[in-house]
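The structure appears below as structure tokens.
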Amino acid sequence: MRHLLRSLFMLCVTATAFAVPYDESRIDAILAEWEAWQNRSQPMQSAASAAATGDFFCLHEQVDLTTSSQSGNDIWGWEDPQGNEYAIMGLFDQVVFYNVTRREIIFRHNDPCGQGGIWRDFKTLNGYAYAVTECSGAGRGIRIFDMTNLPDRVRYVGQRATTPFTNWHNIAIDTTSGLIYLASQNNGFRILDPSVNPENPTQRGFGSTGCHDLYVDNDTAWVCEAFDPFWSIWDCTDPDNPVRVRTISVPNPGFVHQIWVSKDRRFAVTTEETAFKTVKVWDIADLDNIQLVGNYLAPSNLAHNAFVGLDDTTVIVAHYESGMAAFDVSNLSNPVEVDRFDTWPATESPGFSGAWGAFPYTSSGKIFGSNVSGDLFIFAPAGIKADTTIGPAPLTVDFEGTGCNATSFAWDFDDGGSASTQDVLYTYNEAGLYSPSLDVTRSNGTFTEELTNFIIAHAETLSVASSEFAADLGQSFVVPVVLAQHIPAIGYTLPFSWGVGGLPVSFDSASTAGLITDGALDSNIVSQSNRAVIDIYSAAPIPPGTHTIVNLHFTMFAVDLGFDTAQFRIEPVDGFDPIFTIDDRTAPLLADNVTARFSLSCCAGSTGDVDCDGSVGLPDLSTLIDNLFITFTDLCCEGEADVNADGQVGLPDLSFLIDNLFVTFSPLPSCL
């Protein structure tokens, strides 16, 4: 048993060429506590005794992020400029970005790196997510993700190597200085500077100390020293030369695991990830007289990570098999549990199952929790769910409100409508973007969830500018595609076919010169077998109105194959449907007059070649007189005989041709 426990414990230790000797007596003492628990005779405590007010852990959503038998690990969060919230969670071989607002996975980054994938950690800065893992190997260090294109997509930037180590156990970011700190278990921390290039941070100083985890704020690093029985404070004002300024002993310590500090620097909390070792509350108001003043432990007797909430009076703990726990520290010496949610009800023991990490720093009041099972837990005092968020108007949505211990619900659907029941079926009759909100009143106050542009009711109508297009053999022509839209979209997918069942034509190119937009455009054309799909994206939302979104350029074949008409159609092609995109959601475009006909035009350039011999002269005058007054024979091309280009052939054309040939010699008009 001792050999097994030692093996499990040492999984937390990074083996590198820079490792320092471990205190074997301390490891033996910690493992002895585990054996004492294994052989205990007292009954196991039950989660039934947990506080469960729902004040903090009112379950809004539980999502299994795994794709196989993966395990879950740490979690962090981020919010984009549009107000969409994201959970960033690690699995054994993946990093997953989940849009909490839209309730969908945005991106999975695969990283099958072996045993080190059990430990992943993340932090965010200026639209980037920085990730570390215990995985080692050439080129490793940190992985960087660009989130600035959310809610549409996440871009994986790549790996960036760091020295002296290629793998790191944890990461912290000083949001005041904008510096990144990497923790290497028992081998110190490295400072990185992303200010010049956030996609390739510059390496700065190194702190030589035990460092399983650290918290950093305003150029001060608070370091947990793992197997060394201390946590320490470092002055990092000079990021090239971190200086230790305090060392605090942990009484009767376990594995000194993690630390978090209140924003007002009134107190700090530490965890030890060792059975029966408490979450410790430290009074740090006087750095010359730091005192251990309070303790907390949930029934499983094994805490993992603790975080001071935004209010600086509540601590949120990912407490393994006890799940998510919250305790109040208004009185530092008397921590009081205020809520708990069991994310692993199967057992209640000091084992490595259940809650791993927490993120209690959302602007909406949500709390994210990660589970070793691979489940993402989202807790919210007030929450909105909907069976659909996009569709053609009139759009009926089945809304569900969430809120524990609620005394009332109040909906505002952003179109003048409201409701007071928890769940409601509501119809948006007009096209538009809607931001519904829900007020949930409970005994401890009223809480609001508002989702910006959450509902999209659309009536976008696609058409072709004209139903008839004509060109002479070998000549080019343009088909404008027009959209009458009611909401600001950012992109379109247009599949179409041409030349089917008639005159063959070639598709040459597409241009977006007619598109009204403030942003740059990209178009990607895939063309084969008289079919194509064009994707058009705008950097800025395209405003409502009627716009030519793309001009399609065609050419009639130079050889007459015996046909005189062909068709153009916007229609599904190889699984692609006509759609538009707004935020990260797509909807079908409504079709109206999206079929046009191509035809050979016998009139090329100017009018007047009535006999179609390639030149204008007396034979053309004779042919026109014969058609109008003598034999009434058909013309070879009515377009050429419409000499004055008024849309019909008659005496005015004869007069215009005579005038051109014998009187004023005025130029002939162009063909219609």
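Letters A, B, ... go to the chains of the structure tokens in the order shown; residues in each chain start at 1; ligands are counted from 1 in the same order.
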Any chance you could list, as number ranges by chain, the residues in range 474-627 of chain A that come up alpha helix (DSSP H) when DSSP is run on the backbone?
-> A: 618-625
Output N, CA, C and O atoms for every residue in the selection just made, as a compact mmCIF listing (two decimals), in the first residue's frame.
```
# COMPACT_ATOMS: atom_id res chain seq x y z
N LEU A 618 -25.14 49.92 -96.75
CA LEU A 618 -26.38 49.91 -97.53
C LEU A 618 -27.12 48.58 -97.47
O LEU A 618 -28.36 48.58 -97.43
N PRO A 619 -26.44 47.43 -97.46
CA PRO A 619 -27.19 46.16 -97.37
C PRO A 619 -28.06 46.10 -96.10
O PRO A 619 -29.13 45.49 -96.12
N ASP A 620 -27.60 46.73 -95.01
CA ASP A 620 -28.40 46.72 -93.77
C ASP A 620 -29.66 47.56 -93.96
O ASP A 620 -30.75 47.19 -93.49
N LEU A 621 -29.55 48.70 -94.68
CA LEU A 621 -30.72 49.53 -94.95
C LEU A 621 -31.71 48.77 -95.81
O LEU A 621 -32.93 48.79 -95.55
N SER A 622 -31.22 48.06 -96.85
CA SER A 622 -32.09 47.27 -97.74
C SER A 622 -32.80 46.17 -96.97
O SER A 622 -34.00 45.93 -97.15
N THR A 623 -32.06 45.47 -96.09
CA THR A 623 -32.65 44.37 -95.31
C THR A 623 -33.75 44.89 -94.38
O THR A 623 -34.80 44.25 -94.22
N LEU A 624 -33.53 46.06 -93.76
CA LEU A 624 -34.53 46.60 -92.85
C LEU A 624 -35.78 47.03 -93.61
O LEU A 624 -36.92 46.79 -93.15
N ILE A 625 -35.61 47.65 -94.81
CA ILE A 625 -36.77 48.06 -95.63
C ILE A 625 -37.55 46.82 -96.05
O ILE A 625 -38.79 46.79 -95.99
```
Can you check which residues of range 90-166 of chain A DSSP gives as strand (DSSP E) on the backbone and send them as a ChimeraX atom specification?
-> /A:90-91,94-99,104-110,120-125,128-133,141-146,155-161
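Comparing the minimum interatomic distances between Cys612 in chain A and each of A:Thr271, A:Val63, A:Cys636, A:Glu468, counting only C-alpha atoms, we find that A:Cys636 sits nearest.
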Name the closest residue to Ser184 in chain A among the candidates A:Phe598, A:Phe409, A:Trp168, A:Tyr361; distances are taken between atoms, counting only C-alpha atoms.
-> A:Trp168
Would you list the contacts of Pro669 in chain A as a list in words, taking every protein, DNA or RNA residue within 9 Å and counting only C-alpha atoms, but skipping same-chain residues closer than 3 positions in sequence?
-> Gly605, Ser606, Thr607, Gly608, Val643, Asn644, Ala645 and Leu672 of chain A
